[in-house]
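A.B. asks: Please read through the structure below; I'll follow up with questions.
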Amino acid sequence: MTTAAPQEFTAAVVEKFGHEVTIKEVDLPKPGPFQALVKVITSGICHTDLHALEGDWPVKPNPPFIPGHEGIGEVVELGPGDHDVAVGDIVGNAWLWTACGTCEFCITGRETYCHQAEYGGYTQNGSFGQYMLVDTRYAARIPDGVDYLEAAPILCAGVTVYKALKVSDTRPGQFMVISGVGGLGHIAVQYAVAMGMRVIAVDVADDKLELARKHGAEFTVNARNEDPGEAIQNYTEGGSHGILVTAVHESAFGQAIDMARRNGTIVFNGLPPGEFPASVFNIVFKGLTIRGSLVGTRQDMAEALDFFARGLIKPTVASCSLDEVNDVFERMRAGKIDGRIAIQY
Ligand code: NAD
Ligand code: ZN
Ligand code: ZN
């Protein structure tokens with residue numbers, strides 16, 4: 001049963017970069033064409049939300065805005081236009097909030113790179129509030145019968161690493177390094193295992209490496225205590241075929257080059273705002289491919305959710321209340337979160 005939506009709702013709002021989010025009442029928005037109003041049940045907290053709060057990236061959101069792009073909730077009202085979701089359906093927002101649908105990227109299955117794309121919790125208000133708007137043409141369809149708290153991290157962390165693994169050109173039986181075992185990385189370990197890869201995890205904290213082993217990594221390296229390039233070259237007898245970097249520190253990006261096998265592929269997911277030194281000689285001499293990868297398409301999302309719904313992926317998630325978002329960001333800065341934390345409304 002759906003109850004009538006109120007005039008206002010409580011949200012965590014970024015009012016100024018580099019300050020805490022403000023928990024306050026905001027006006028309930030009206031769904032426009034192709035949009036739905038969704039009563040949020042849960043929302044994961046991604047490190048991207050922290051970058052948004054800090055104003056870290058060259059492309060910045062405009063405060064005040066509501067972060068959050070791993071939200072799941074129930075459709076309570078539909079705006080004008082044809083929709084293929086109905087009131088009462090369970091949907092999710094995502095980083096890819098909408099796109100133009102007609103450009104060269106949109107019509108060739110690369111819609112995350114659309115120049116007109118809008119980003120959930122960044123250029124559009126997100127799921128750190130009791131209500132959110134979604135574009136029903138882009139909202140994720142949440143499979144029946146799943147645990148919503150565990151499903152939430154799939155909407156960004158899951159789809160992002162799943163897509164990155166798809167474009168890593170790494171086959172079953174080959175080595176895949178997951179560098180950074182946070183919200184994205186601990187799920188990446190699981191997708192890579194499910195895809196038949198031999199998984200190696202790298203982080204700078206032993207508890208993260210323990211989590212990686214729990215999720216199926218066969219070998220782990222603490223980059224704080226030993227040289228990860230050397231350790232991986234030795235273990236794999238010549239380097240890893242694939243490397244996925246989800247770490248939030250620039251140093252991990254250059255290290256990936258030392259971990260790679262000749263002709264290996266390195267995929268960057270992590271988005272620290274800085275730069276890293278890279279040896280041109282090593283890239284050329286090893287014949288490496290280095291590529292960036294941004295979230296995933298609607299099709300990637302459906303596939304990532306399907307892996308999850310079939311029980312192949314089980315994110316490690318703890319819940320918090322909306323009031324605790326600033327504390328969670330503090331723990332995230334310190335690298336003190338196991339897996340993901342999701343707000344439960
Ligand atoms: P998180 O804070 O949960 O995890 C980050 C992990 O990196 C932690 O485990 C930390 O210990 C580890 N780390 C830090 N320094 C390291 C180092 N030098 N070597 C190895 N590991 C190191 O963050 P998250 O939510 O997993 O997000 C990770 C990054 O991915 C962020 O920059 C985020 O903005 C980005 N991201 C990108 C996309 C995309 O589409 N490309 C999507 C979502 C998130
Ligand atoms: Zn995210
Ligand atoms: Zn487009």
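Ordered as shown in the structure tokens, chains take letters A, B, and onward, while each chain numbers its residues from 1 and ligands are numbered from 1 in the order shown.
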Just want the 10 Å neighbourhood of Val146 of chain A, counted on only C-alpha atoms, with same-chain residues fewer than 3 positions away dropped. Output as a list in words.
C.D. replies: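 Here the qualifying residues turn out to be Ile142, Pro143, Leu149, Glu150, Ala151, Leu305, Phe308, Ala309, Arg310 and Gly311 of chain A.
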A.B. asks: Ligand 3: which residues are within 10 Å, counting only C-alpha atoms and all ligand atoms, as a PyMOL selection string?
C.D. replies: chain A and resi 98-117
A.B. asks: Take the residues just selected and output them with C-alpha atoms as a CSV table (one decimal), in the first residue's frame.
C.D. replies:
chain,number,residue,atom,x,y,z
A,98,THR,CA,19.7,10.0,-17.9
A,99,ALA,CA,21.2,10.6,-21.3
A,100,CYS,CA,20.1,12.1,-24.7
A,101,GLY,CA,19.3,8.8,-26.3
A,102,THR,CA,20.3,10.0,-29.8
A,103,CYS,CA,24.0,10.8,-29.9
A,104,GLU,CA,26.8,8.6,-31.3
A,105,PHE,CA,27.5,7.2,-27.8
A,106,CYS,CA,23.8,6.6,-27.0
A,107,ILE,CA,23.0,4.7,-30.1
A,108,THR,CA,26.0,2.5,-30.0
A,109,GLY,CA,25.7,1.1,-26.4
A,110,ARG,CA,28.0,3.6,-24.8
A,111,GLU,CA,25.5,5.9,-23.2
A,112,THR,CA,27.6,6.5,-20.1
A,113,TYR,CA,29.8,8.7,-22.3
A,114,CYS,CA,26.9,10.8,-23.6
A,115,HIS,CA,27.8,14.5,-23.4
A,116,GLN,CA,24.3,15.3,-22.3
A,117,ALA,CA,24.3,12.6,-19.6
A.B. asks: Neighbours of ligand 1 within 8 Å, counting only C-alpha atoms and all ligand atoms, as a ChimeraX atom specification?
C.D. replies: /A:45-51,95,156-157,160-161,179-186,202-205,208,222-224,245-252,268-272,292-296,332-333,335-340
A.B. asks: Write the residues you've just listed into a file as a CSV table (one decimal), in the first residue's frame, and include C-alpha atoms for each of them.
C.D. replies:
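Result written to again_20.csv:
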chain,number,residue,atom,x,y,z
A,45,ILE,CA,27.3,5.5,0.2
A,46,CYS,CA,29.9,5.5,-2.5
A,47,HIS,CA,33.3,7.2,-2.4
A,48,THR,CA,32.1,9.3,-5.3
A,49,ASP,CA,29.7,10.9,-2.9
A,50,LEU,CA,32.7,12.0,-0.9
A,51,HIS,CA,34.4,13.4,-4.0
A,95,TRP,CA,25.1,7.4,-11.6
A,156,CYS,CA,27.1,1.7,-8.6
A,157,ALA,CA,29.9,-0.4,-7.2
A,160,THR,CA,31.1,-0.3,-12.4
A,161,VAL,CA,33.4,-3.2,-11.6
A,179,SER,CA,43.8,-3.0,-6.5
A,180,GLY,CA,41.8,-1.4,-3.7
A,181,VAL,CA,39.4,-3.6,-1.8
A,182,GLY,CA,36.8,-1.0,-0.6
A,183,GLY,CA,33.2,-0.7,-1.7
A,184,LEU,CA,34.0,-1.3,-5.4
A,185,GLY,CA,37.0,-3.7,-4.9
A,186,HIS,CA,35.4,-6.2,-2.5
A,202,VAL,CA,46.1,-5.4,-3.3
A,203,ASP,CA,45.3,-2.9,-0.6
A,204,VAL,CA,47.1,-1.0,2.1
A,205,ALA,CA,45.2,-2.5,5.0
A,208,LYS,CA,40.7,-5.3,3.5
A,222,ASN,CA,49.7,-5.3,1.3
A,223,ALA,CA,51.3,-2.5,-0.8
A,224,ARG,CA,52.3,-0.7,2.4
A,245,VAL,CA,42.4,-0.3,-10.1
A,246,THR,CA,39.6,0.9,-7.7
A,247,ALA,CA,41.9,2.5,-5.2
A,248,VAL,CA,41.5,6.1,-4.1
A,249,HIS,CA,45.2,6.9,-4.0
A,250,GLU,CA,47.2,7.9,-7.1
A,251,SER,CA,50.1,5.7,-6.2
A,252,ALA,CA,48.1,2.5,-7.0
A,268,PHE,CA,41.0,2.4,-14.1
A,269,ASN,CA,37.8,2.8,-12.1
A,270,GLY,CA,39.2,4.8,-9.1
A,271,LEU,CA,39.0,8.5,-9.4
A,272,PRO,CA,41.5,10.3,-7.2
A,292,GLY,CA,39.3,4.1,-18.1
A,293,SER,CA,35.8,2.8,-17.5
A,294,LEU,CA,32.8,4.8,-16.2
A,295,VAL,CA,30.0,2.9,-14.5
A,296,GLY,CA,28.0,0.8,-17.0
A,332,MET,CA,35.6,6.6,4.5
A,333,ARG,CA,38.3,9.3,4.5
A,335,GLY,CA,39.8,3.9,5.0
A,336,LYS,CA,37.9,2.4,7.9
A,337,ILE,CA,34.9,0.8,6.2
A,338,ASP,CA,34.5,-2.9,5.5
A,339,GLY,CA,32.8,-3.2,2.1
A,340,ARG,CA,29.9,-0.7,1.9
A.B. asks: I'd like the contact shell of Pro228 of chain A - 9 Å cut-off, only C-alpha atoms, skipping same-chain residues fewer than 6 positions apart - returned as a list in words.
C.D. replies: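 Surrounding residues, per the criterion: Val202, Val221, Asn222, Gln255, Ala256, Asp258 and Met259 of chain A.
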A.B. asks: When you draw a straight line from atom CA of Gly254 of chain A to atom CA of Met176 of chain A, how long is it in Å?
C.D. replies: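 About the pair atom CA of Gly254 of chain A and atom CA of Met176 of chain A: they are 16.5 Å apart.
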A.B. asks: Output as a tab-separated table (two decimals) with C-alpha atoms, in the first residue's frame all residues of segment 155-228 of chain A that backbone DSSP marks as helix (DSSP H, G or I).
C.D. replies:
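So states.tsv came out as:
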chain	number	residue	atom	x	y	z
A	155	LEU	CA	23.76	0.01	-8.51
A	157	ALA	CA	29.95	-0.36	-7.19
A	158	GLY	CA	28.64	-3.57	-8.76
A	159	VAL	CA	27.84	-2.35	-12.25
A	160	THR	CA	31.07	-0.33	-12.39
A	161	VAL	CA	33.42	-3.20	-11.59
A	162	TYR	CA	31.39	-5.70	-13.63
A	163	LYS	CA	31.73	-3.44	-16.69
A	164	ALA	CA	35.43	-2.88	-15.99
A	165	LEU	CA	36.03	-6.63	-15.86
A	166	LYS	CA	34.14	-7.03	-19.16
A	183	GLY	CA	33.19	-0.71	-1.71
A	184	LEU	CA	34.03	-1.34	-5.37
A	185	GLY	CA	36.97	-3.67	-4.87
A	186	HIS	CA	35.36	-6.22	-2.54
A	187	ILE	CA	32.56	-6.65	-5.08
A	188	ALA	CA	35.07	-6.75	-7.97
A	189	VAL	CA	36.78	-9.72	-6.31
A	190	GLN	CA	33.43	-11.55	-6.37
A	191	TYR	CA	32.54	-10.74	-10.01
A	192	ALA	CA	36.03	-11.74	-11.12
A	193	VAL	CA	35.71	-15.07	-9.27
A	194	ALA	CA	32.24	-15.59	-10.79
A	206	ASP	CA	45.30	-6.06	6.22
A	207	ASP	CA	41.59	-6.19	7.13
A	208	LYS	CA	40.69	-5.30	3.51
A	209	LEU	CA	42.90	-8.13	2.29
A	210	GLU	CA	41.20	-10.52	4.69
A	211	LEU	CA	37.84	-9.46	3.24
A	212	ALA	CA	39.22	-10.12	-0.26
A	213	ARG	CA	40.32	-13.64	0.73
A	214	LYS	CA	36.88	-14.27	2.25
A	228	PRO	CA	53.16	-5.08	-5.14
A.B. asks: Skipping near chain neighbours, those fewer than 2 positions away, what residues fall within 8 Å of Ala52 of chain A using only C-alpha atoms, listed as a list of chain:residue names?
C.D. replies: A:Phe17, A:Thr48, A:Asp49, A:Leu50, A:Glu54, A:Gly55, A:Asp56, A:Trp57, A:Lys60, A:Pro61, A:Pro67, A:Tyr122
